[in-house]
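S.K.: Coordinates in entry-v7.cif, mmCIF, C-alpha atoms, are listed below.
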```cif
data_protein
#
loop_
_atom_site.group_PDB
_atom_site.id
_atom_site.type_symbol
_atom_site.label_atom_id
_atom_site.label_comp_id
_atom_site.auth_asym_id
_atom_site.auth_seq_id
_atom_site.Cartn_x
_atom_site.Cartn_y
_atom_site.Cartn_z
ATOM 1 C CA MET E 76 21.014 -23.988 15.491
ATOM 2 C CA GLN E 77 20.199 -27.442 16.874
ATOM 3 C CA SER E 78 18.605 -30.214 14.819
ATOM 4 C CA PHE E 79 14.853 -30.835 15.040
ATOM 5 C CA ASN E 80 12.000 -32.705 13.405
ATOM 6 C CA TYR E 81 9.780 -30.711 11.056
ATOM 7 C CA LEU E 82 6.053 -31.299 10.507
ATOM 8 C CA ALA E 83 3.719 -29.262 8.276
ATOM 9 C CA PRO E 84 0.019 -30.086 8.724
ATOM 10 C CA HIS E 85 -2.333 -28.760 6.039
ATOM 11 C CA SER E 86 -5.593 -28.711 8.010
ATOM 12 C CA GLN E 87 -6.804 -27.958 11.521
ATOM 13 C CA ASN E 88 -7.817 -31.604 12.006
ATOM 14 C CA GLU E 89 -4.314 -32.721 11.066
ATOM 15 C CA LEU E 90 -2.843 -30.110 13.402
ATOM 16 C CA CYS E 91 -4.923 -31.453 16.307
ATOM 17 C CA GLN E 92 -3.608 -34.950 15.645
ATOM 18 C CA VAL E 93 -0.005 -33.775 15.426
ATOM 19 C CA LEU E 94 -0.296 -31.877 18.713
ATOM 20 C CA CYS E 95 -1.667 -34.980 20.427
ATOM 21 C CA ASN E 96 1.173 -37.151 19.147
ATOM 22 C CA THR E 97 4.162 -34.851 19.622
ATOM 23 C CA ALA E 98 5.526 -32.326 22.073
ATOM 24 C CA GLY E 99 6.190 -29.965 19.184
ATOM 25 C CA LYS E 100 6.323 -26.195 19.122
ATOM 26 C CA ILE E 101 4.065 -24.380 16.666
ATOM 27 C CA ILE E 102 5.681 -22.003 14.201
ATOM 28 C CA ALA E 103 4.082 -19.793 11.546
ATOM 29 C CA GLY E 104 5.986 -16.681 10.474
ATOM 30 C CA GLY E 105 8.979 -17.660 12.587
ATOM 31 C CA THR E 106 9.795 -14.067 13.541
ATOM 32 C CA ASP E 107 9.909 -14.959 17.261
ATOM 33 C CA MET E 108 10.792 -18.662 17.364
ATOM 34 C CA LEU E 109 13.734 -18.751 14.940
ATOM 35 C CA PRO E 110 15.747 -15.977 16.637
ATOM 36 C CA GLN E 111 15.136 -17.688 19.989
ATOM 37 C CA MET E 112 16.339 -20.995 18.551
ATOM 38 C CA ARG E 113 19.477 -19.355 17.166
ATOM 39 C CA ASN E 114 20.198 -17.989 20.646
ATOM 40 C CA LEU E 115 19.333 -21.380 22.228
ATOM 41 C CA LYS E 116 16.521 -19.794 24.257
ATOM 42 C CA GLN E 117 14.207 -22.355 22.631
ATOM 43 C CA THR E 118 15.356 -25.911 21.860
ATOM 44 C CA PRO E 119 12.291 -27.759 20.502
ATOM 45 C CA SER E 120 12.741 -31.316 19.312
ATOM 46 C CA THR E 121 9.878 -30.843 16.828
ATOM 47 C CA LEU E 122 8.648 -27.789 14.927
ATOM 48 C CA ILE E 123 5.048 -27.775 13.681
ATOM 49 C CA ASP E 124 4.725 -25.371 10.767
ATOM 50 C CA ILE E 125 1.088 -24.233 10.495
ATOM 51 C CA SER E 126 1.658 -21.686 7.730
ATOM 52 C CA HIS E 127 -0.060 -23.986 5.177
ATOM 53 C CA ILE E 128 -3.409 -24.000 7.042
ATOM 54 C CA SER E 129 -5.079 -21.322 4.949
ATOM 55 C CA ASP E 130 -8.354 -21.260 6.890
ATOM 56 C CA LEU E 131 -6.553 -19.755 9.897
ATOM 57 C CA ARG E 132 -5.902 -16.507 8.014
ATOM 58 C CA TYR E 133 -8.871 -14.116 7.942
ATOM 59 C CA ILE E 134 -10.439 -10.951 9.300
ATOM 60 C CA GLN E 135 -14.211 -11.338 9.553
ATOM 61 C CA GLU E 136 -17.104 -9.555 11.195
ATOM 62 C CA SER E 137 -20.528 -10.445 12.469
ATOM 63 C CA GLU E 138 -23.169 -7.980 13.565
ATOM 64 C CA ASP E 139 -21.369 -7.090 16.795
ATOM 65 C CA GLU E 140 -18.009 -8.884 16.694
ATOM 66 C CA VAL E 141 -14.700 -8.981 14.798
ATOM 67 C CA LEU E 142 -12.764 -12.248 14.379
ATOM 68 C CA ILE E 143 -9.067 -12.405 13.474
ATOM 69 C CA GLY E 144 -7.577 -15.764 12.502
ATOM 70 C CA ALA E 145 -4.306 -16.812 14.130
ATOM 71 C CA LEU E 146 -2.366 -16.735 10.842
ATOM 72 C CA THR E 147 -3.458 -13.206 9.977
ATOM 73 C CA THR E 148 -0.303 -11.170 9.399
ATOM 74 C CA TRP E 149 0.550 -7.727 10.658
ATOM 75 C CA SER E 150 0.303 -6.470 7.085
ATOM 76 C CA ASP E 151 -3.228 -7.900 6.835
ATOM 77 C CA ILE E 152 -4.176 -6.073 10.037
ATOM 78 C CA LEU E 153 -2.557 -2.801 8.989
ATOM 79 C CA GLU E 154 -4.310 -2.788 5.605
ATOM 80 C CA SER E 155 -7.762 -3.889 6.842
ATOM 81 C CA PRO E 156 -10.454 -1.165 6.683
ATOM 82 C CA LEU E 157 -12.431 -3.177 9.258
ATOM 83 C CA ILE E 158 -9.555 -3.079 11.765
ATOM 84 C CA GLN E 159 -8.901 0.583 11.050
ATOM 85 C CA LYS E 160 -12.555 1.314 11.847
ATOM 86 C CA THR E 161 -13.171 -0.968 14.837
ATOM 87 C CA ALA E 162 -9.683 -1.188 16.395
ATOM 88 C CA PRO E 163 -7.509 1.710 15.220
ATOM 89 C CA ALA E 164 -5.013 1.148 18.061
ATOM 90 C CA LEU E 165 -4.376 -2.373 16.762
ATOM 91 C CA ALA E 166 -3.744 -0.977 13.274
ATOM 92 C CA GLN E 167 -1.344 1.571 14.785
ATOM 93 C CA ALA E 168 0.476 -1.223 16.626
ATOM 94 C CA ALA E 169 0.744 -3.197 13.389
ATOM 95 C CA SER E 170 2.381 -0.224 11.668
ATOM 96 C CA LEU E 171 5.141 -0.219 14.299
ATOM 97 C CA VAL E 172 5.993 -3.925 14.102
ATOM 98 C CA GLY E 173 9.402 -4.421 12.521
ATOM 99 C CA ALA E 174 10.193 -3.895 8.864
ATOM 100 C CA PRO E 175 7.799 -4.697 5.980
ATOM 101 C CA MET E 176 9.263 -8.203 5.725
ATOM 102 C CA THR E 177 8.482 -8.845 9.396
ATOM 103 C CA ARG E 178 4.954 -7.488 9.000
ATOM 104 C CA ASN E 179 4.429 -9.753 5.998
ATOM 105 C CA ARG E 180 5.560 -12.849 7.932
ATOM 106 C CA GLY E 181 4.653 -12.223 11.555
ATOM 107 C CA THR E 182 1.192 -13.306 12.720
ATOM 108 C CA ILE E 183 -1.232 -12.212 15.404
ATOM 109 C CA GLY E 184 -1.359 -15.772 16.769
ATOM 110 C CA GLY E 185 2.404 -15.882 17.104
ATOM 111 C CA ASN E 186 2.442 -12.558 18.942
ATOM 112 C CA LEU E 187 -0.221 -13.809 21.362
ATOM 113 C CA GLY E 188 1.439 -17.184 21.877
ATOM 114 C CA ASN E 189 4.874 -15.679 22.476
ATOM 115 C CA ALA E 190 3.301 -13.623 25.286
ATOM 116 C CA SER E 191 6.138 -11.143 25.593
ATOM 117 C CA PRO E 192 5.259 -8.401 28.102
ATOM 118 C CA ALA E 193 6.299 -5.997 25.324
ATOM 119 C CA ALA E 194 4.191 -7.609 22.553
ATOM 120 C CA ASP E 195 2.603 -4.836 20.509
ATOM 121 C CA SER E 196 -0.753 -6.528 19.944
ATOM 122 C CA LEU E 197 -1.525 -6.998 23.628
ATOM 123 C CA PRO E 198 -2.351 -3.488 24.942
ATOM 124 C CA PRO E 199 -4.725 -2.693 22.025
ATOM 125 C CA LEU E 200 -6.455 -6.065 22.354
ATOM 126 C CA LEU E 201 -6.769 -5.675 26.118
ATOM 127 C CA THR E 202 -8.596 -2.354 25.629
ATOM 128 C CA LEU E 203 -11.023 -4.248 23.380
ATOM 129 C CA ASP E 204 -11.689 -6.960 26.018
ATOM 130 C CA ALA E 205 -10.429 -9.489 23.471
ATOM 131 C CA ILE E 206 -11.118 -13.215 23.724
ATOM 132 C CA VAL E 207 -8.586 -15.873 22.666
ATOM 133 C CA HIS E 208 -10.166 -18.933 21.003
ATOM 134 C CA LEU E 209 -8.271 -22.191 21.567
ATOM 135 C CA ASN E 210 -8.794 -25.509 19.818
ATOM 136 C CA SER E 211 -7.698 -29.134 20.330
ATOM 137 C CA GLN E 212 -8.973 -32.652 19.772
ATOM 138 C CA SER E 213 -10.734 -32.333 23.125
ATOM 139 C CA GLY E 214 -12.765 -29.375 21.903
ATOM 140 C CA GLN E 215 -12.752 -25.598 21.896
ATOM 141 C CA ARG E 216 -12.555 -23.077 24.698
ATOM 142 C CA GLN E 217 -12.522 -19.301 24.949
ATOM 143 C CA VAL E 218 -10.289 -17.419 27.360
ATOM 144 C CA PRO E 219 -10.298 -13.656 28.003
ATOM 145 C CA LEU E 220 -6.932 -12.281 26.947
ATOM 146 C CA ARG E 221 -6.328 -10.888 30.447
ATOM 147 C CA ASN E 222 -6.541 -14.481 31.790
ATOM 148 C CA PHE E 223 -4.694 -16.054 28.857
ATOM 149 C CA LEU E 224 -1.499 -14.168 29.779
ATOM 150 C CA THR E 225 -0.027 -15.851 32.865
ATOM 151 C CA GLY E 226 3.539 -14.515 32.979
ATOM 152 C CA PRO E 227 6.514 -13.429 30.884
ATOM 153 C CA GLY E 228 6.394 -15.721 27.849
ATOM 154 C CA THR E 229 3.776 -18.006 29.420
ATOM 155 C CA THR E 230 0.079 -18.474 28.678
ATOM 156 C CA ASP E 231 -2.911 -20.619 29.560
ATOM 157 C CA LEU E 232 -2.392 -22.604 26.325
ATOM 158 C CA LYS E 233 -2.260 -26.372 26.947
ATOM 159 C CA ALA E 234 0.228 -28.672 25.219
ATOM 160 C CA ASP E 235 -2.376 -30.098 22.825
ATOM 161 C CA GLU E 236 -4.032 -26.755 22.003
ATOM 162 C CA TYR E 237 -3.431 -24.076 19.404
ATOM 163 C CA ILE E 238 -4.696 -20.531 18.999
ATOM 164 C CA GLN E 239 -7.460 -20.541 16.403
ATOM 165 C CA GLN E 240 -8.460 -16.874 16.508
ATOM 166 C CA VAL E 241 -8.870 -13.783 18.637
ATOM 167 C CA SER E 242 -12.131 -11.845 18.779
ATOM 168 C CA TYR E 243 -13.501 -8.634 20.203
ATOM 169 C CA LYS E 244 -16.879 -6.923 20.432
ATOM 170 C CA LYS E 245 -17.406 -3.775 18.417
ATOM 171 C CA VAL E 246 -17.725 -0.643 20.532
ATOM 172 C CA ALA E 247 -21.215 0.737 19.943
ATOM 173 C CA LEU E 248 -20.421 4.345 20.898
ATOM 174 C CA PRO E 249 -18.196 6.761 18.998
ATOM 175 C CA PHE E 250 -14.769 6.187 20.526
ATOM 176 C CA GLY E 251 -11.109 7.098 20.370
ATOM 177 C CA ASN E 252 -8.583 4.248 20.364
ATOM 178 C CA VAL E 253 -4.854 5.004 20.398
ATOM 179 C CA PHE E 254 -1.587 3.060 20.728
ATOM 180 C CA ASN E 255 1.717 4.670 21.703
ATOM 181 C CA LYS E 256 5.066 3.078 22.383
ATOM 182 C CA LEU E 257 8.618 4.089 23.072
ATOM 183 C CA GLY E 258 11.664 2.084 22.067
ATOM 184 C CA PRO E 259 15.332 2.601 21.238
ATOM 185 C CA ARG E 260 14.376 3.230 17.604
ATOM 186 C CA GLN E 261 11.075 3.396 15.788
ATOM 187 C CA GLY E 262 9.745 0.531 13.692
ATOM 188 C CA MET E 263 12.176 -2.316 14.399
ATOM 189 C CA THR E 264 12.115 -2.021 18.182
ATOM 190 C CA ILE E 265 11.040 -3.842 21.318
ATOM 191 C CA SER E 266 9.094 -1.471 23.518
ATOM 192 C CA ILE E 267 10.573 0.159 26.580
ATOM 193 C CA ALA E 268 6.940 0.924 27.402
ATOM 194 C CA SER E 269 3.694 0.983 25.450
ATOM 195 C CA VAL E 270 0.117 2.040 26.120
ATOM 196 C CA ALA E 271 -3.263 1.681 24.463
ATOM 197 C CA VAL E 272 -6.287 3.758 25.380
ATOM 198 C CA LEU E 273 -9.958 3.459 24.464
ATOM 199 C CA LEU E 274 -12.152 6.424 25.361
ATOM 200 C CA ALA E 275 -15.831 7.285 24.777
ATOM 201 C CA LEU E 276 -17.950 10.240 25.878
ATOM 202 C CA ASP E 277 -21.642 10.592 26.645
ATOM 203 C CA ALA E 278 -23.949 13.260 25.189
ATOM 204 C CA ASN E 279 -22.835 15.716 27.900
ATOM 205 C CA GLY E 280 -19.160 15.300 27.050
ATOM 206 C CA LYS E 281 -18.329 13.241 30.121
ATOM 207 C CA ILE E 282 -16.299 10.045 29.979
ATOM 208 C CA THR E 283 -18.591 7.029 29.795
ATOM 209 C CA LEU E 284 -16.024 4.411 28.769
ATOM 210 C CA ALA E 285 -12.328 4.304 29.649
ATOM 211 C CA ARG E 286 -9.887 1.469 29.103
ATOM 212 C CA ILE E 287 -6.130 1.715 29.575
ATOM 213 C CA ALA E 288 -3.617 -1.078 28.966
ATOM 214 C CA LEU E 289 0.170 -1.038 29.105
ATOM 215 C CA GLY E 290 2.983 -3.247 27.861
ATOM 216 C CA ALA E 291 6.603 -3.793 28.952
ATOM 217 C CA VAL E 292 5.959 -2.440 32.469
ATOM 218 C CA ALA E 293 4.828 -5.599 34.292
ATOM 219 C CA PRO E 294 5.248 -9.390 33.978
ATOM 220 C CA THR E 295 2.445 -9.315 31.409
ATOM 221 C CA ALA E 296 0.640 -6.603 29.493
ATOM 222 C CA VAL E 297 -1.895 -5.196 31.959
ATOM 223 C CA ARG E 298 -5.108 -3.204 32.243
ATOM 224 C CA CYS E 299 -5.290 -0.384 34.793
ATOM 225 C CA PRO E 300 -8.768 -0.651 36.395
ATOM 226 C CA ASP E 301 -8.204 2.002 39.072
ATOM 227 C CA ALA E 302 -7.206 4.603 36.502
ATOM 228 C CA GLU E 303 -10.161 3.600 34.311
ATOM 229 C CA ALA E 304 -12.615 3.930 37.207
ATOM 230 C CA PHE E 305 -11.118 7.302 38.138
ATOM 231 C CA LEU E 306 -11.894 8.690 34.670
ATOM 232 C CA LEU E 307 -15.531 7.604 34.462
ATOM 233 C CA GLY E 308 -18.120 10.363 34.711
ATOM 234 C CA LYS E 309 -15.584 13.179 34.545
ATOM 235 C CA GLU E 310 -15.076 15.933 31.993
ATOM 236 C CA PRO E 311 -11.869 15.624 29.959
ATOM 237 C CA SER E 312 -9.073 18.012 30.884
ATOM 238 C CA THR E 313 -5.299 18.216 30.986
ATOM 239 C CA GLU E 314 -5.429 17.903 34.769
ATOM 240 C CA LEU E 315 -7.580 14.781 34.497
ATOM 241 C CA TRP E 316 -5.099 13.117 32.153
ATOM 242 C CA GLN E 317 -2.271 13.968 34.536
ATOM 243 C CA GLU E 318 -4.056 12.364 37.491
ATOM 244 C CA ALA E 319 -4.951 9.286 35.443
ATOM 245 C CA ALA E 320 -1.268 8.961 34.521
ATOM 246 C CA HIS E 321 -0.437 9.072 38.244
ATOM 247 C CA GLN E 322 -2.941 6.278 38.849
ATOM 248 C CA VAL E 323 -1.308 4.227 36.084
ATOM 249 C CA ARG E 324 2.145 4.613 37.626
ATOM 250 C CA LYS E 325 0.813 3.075 40.846
ATOM 251 C CA ALA E 326 -0.583 0.061 38.968
ATOM 252 C CA ILE E 327 2.556 -1.073 37.138
ATOM 253 C CA ALA E 328 5.655 -3.012 38.189
ATOM 254 C CA PRO E 329 8.454 -2.417 35.675
ATOM 255 C CA ILE E 330 11.925 -3.907 35.897
ATOM 256 C CA ASP E 331 15.436 -2.877 34.939
ATOM 257 C CA ASP E 332 16.783 -4.413 31.734
ATOM 258 C CA VAL E 333 19.029 -3.532 28.813
ATOM 259 C CA ARG E 334 16.346 -1.307 27.271
ATOM 260 C CA GLY E 335 15.535 0.827 30.291
ATOM 261 C CA THR E 336 15.515 1.205 34.052
ATOM 262 C CA GLN E 337 12.564 0.662 36.372
ATOM 263 C CA GLU E 338 12.539 4.377 37.215
ATOM 264 C CA TYR E 339 12.561 5.422 33.570
ATOM 265 C CA ARG E 340 9.737 3.036 32.691
ATOM 266 C CA HIS E 341 7.606 4.436 35.541
ATOM 267 C CA HIS E 342 8.225 7.933 34.226
ATOM 268 C CA ILE E 343 7.632 7.207 30.550
ATOM 269 C CA ALA E 344 4.504 5.093 31.198
ATOM 270 C CA GLY E 345 2.839 8.142 32.703
ATOM 271 C CA ILE E 346 3.846 10.376 29.801
ATOM 272 C CA LEU E 347 2.632 7.862 27.202
ATOM 273 C CA THR E 348 -0.671 7.458 29.053
ATOM 274 C CA ARG E 349 -1.278 11.188 29.255
ATOM 275 C CA ARG E 350 -0.518 11.648 25.566
ATOM 276 C CA ALA E 351 -2.671 8.683 24.524
ATOM 277 C CA LEU E 352 -5.650 9.941 26.528
ATOM 278 C CA GLN E 353 -5.326 13.408 24.989
ATOM 279 C CA THR E 354 -4.973 11.978 21.482
ATOM 280 C CA ALA E 355 -7.969 9.666 21.947
ATOM 281 C CA TYR E 356 -10.043 12.599 23.218
ATOM 282 C CA LEU E 357 -9.036 14.846 20.327
ATOM 283 C CA SER E 358 -9.944 12.147 17.837
ATOM 284 C CA LEU E 359 -13.494 12.298 19.185
ATOM 285 C CA GLN E 360 -13.643 16.022 18.424
ATOM 286 C CA GLU E 361 -12.860 15.571 14.724
#
```
Show me the file's structure as structure tokens.

M.R.:
Amino acid sequence: MQSFNYLAPHSQNELCQVLCNTAGKIIAGGTDMLPQMRNLKQTPSTLIDISHISDLRYIQESEDEVLIGALTTWSDILESPLIQKTAPALAQAASLVGAPMTRNRGTIGGNLGNASPAADSLPPLLTLDAIVHLNSQSGQRQVPLRNFLTGPGTTDLKADEYIQQVSYKKVALPFGNVFNKLGPRQGMTISIASVAVLLALDANGKITLARIALGAVAPTAVRCPDAEAFLLGKEPSTELWQEAAHQVRKAIAPIDDVRGTQEYRHHIAGILTRRALQTAYLSLQE
């Protein structure tokens, strides 16, 4: 591993100053950055360790919103009753992130900032219309997650900004929210494909809310608006899930890589979508 300067601010104000004065890379749990540095995929001259900024680690709620601080770990998310209630797909994703040591170290902010197309947090957060809150000495700004992700490993984050938190509105209706993924092995795996679904029904049993997001099948994690629109107003059925899966396959653009072929990803994305829709629907019947 190459040599680098190391800085460890202890407050958000200090972090803002450090970002203005250096071209450093932020690190928290290190579960993404350190392996990339070992493989020379990242060669930062300065590392900015934000793990000592305790007020960036929280899960809070207001009347209609949930806020998750950037330093909140996967273990925090997995064990949070609030997340389990308001974003069960995100809790499911957290349960599939690495080994316990990784879940104890890895953070939601790091997963967002790394912006891997296969990042587990992204499909669940996209189904929640999540907002990424950014901060710098110049002020704060809020960016919808769908706009924050600009490409494989790239985001709308500016050089002097950091991720402060991610937020989402609570869904007022009873809803089903499911995350599924497929990888070479469960737990410690990078997804071949992943999907999150959020589904709600009206009093007549017809679909009144449908959100579908996929990971590892496009340059970024993506929503599937055509498939979502197709579902609205219809009665749930096996045939409906099959057609929605067909719509999803038309919306994605997977590639070949060491984990899977383009053809296989197209195939498995449809299967995962169909299963997630069925599971989300069944959860509403319980």

S.K.: Could you put an axis-aligned box around every listed atom of stretch 340-343 of chain E, padded by 8 Å on each side, and send me its centre and edge lengths in Å to one decimal, as AutoDock Vina command-line options?

M.R.:
```
--center_x 8.7 --center_y 5.5 --center_z 33.0 --size_x 18.1 --size_y 20.9 --size_z 21.0
```

S.K.: Atom CA of E:Ser86 to atom CA of E:Ile128: how many Å, to one decimal?

M.R.: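 About the pair atom CA of E:Ser86 and atom CA of E:Ile128: they are 5.3 Å apart.
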
S.K.: Using all atoms listed in the file for the distances, tell me which of E:Glu303, E:Leu200, E:Asp130, E:Asp235 is nearest to E:Asn96.

M.R.: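 When distances to E:Asn96 are compared using all atoms listed in the file, the smallest one comes from E:Asp235.
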
S.K.: Might you pull out every residue within 7 Å of E:Ile183, with all atoms listed in the file counted and same-chain residues fewer than 4 positions away left off, and present them as a list of chain:residue names?

M.R.: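 Residues meeting the cut-off are E:Ala145, E:Leu146, E:Thr147, E:Thr148, E:Trp149, E:Leu187.
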
S.K.: For the PyMOL selection byres ((chain E and resi 144) around 12), applied here, can you spell out every residue it catches as a PyMOL selection string?

M.R.: chain E and resi 126+128-136+141-143+145-149+151-152+182-185+187+207-209+237-242
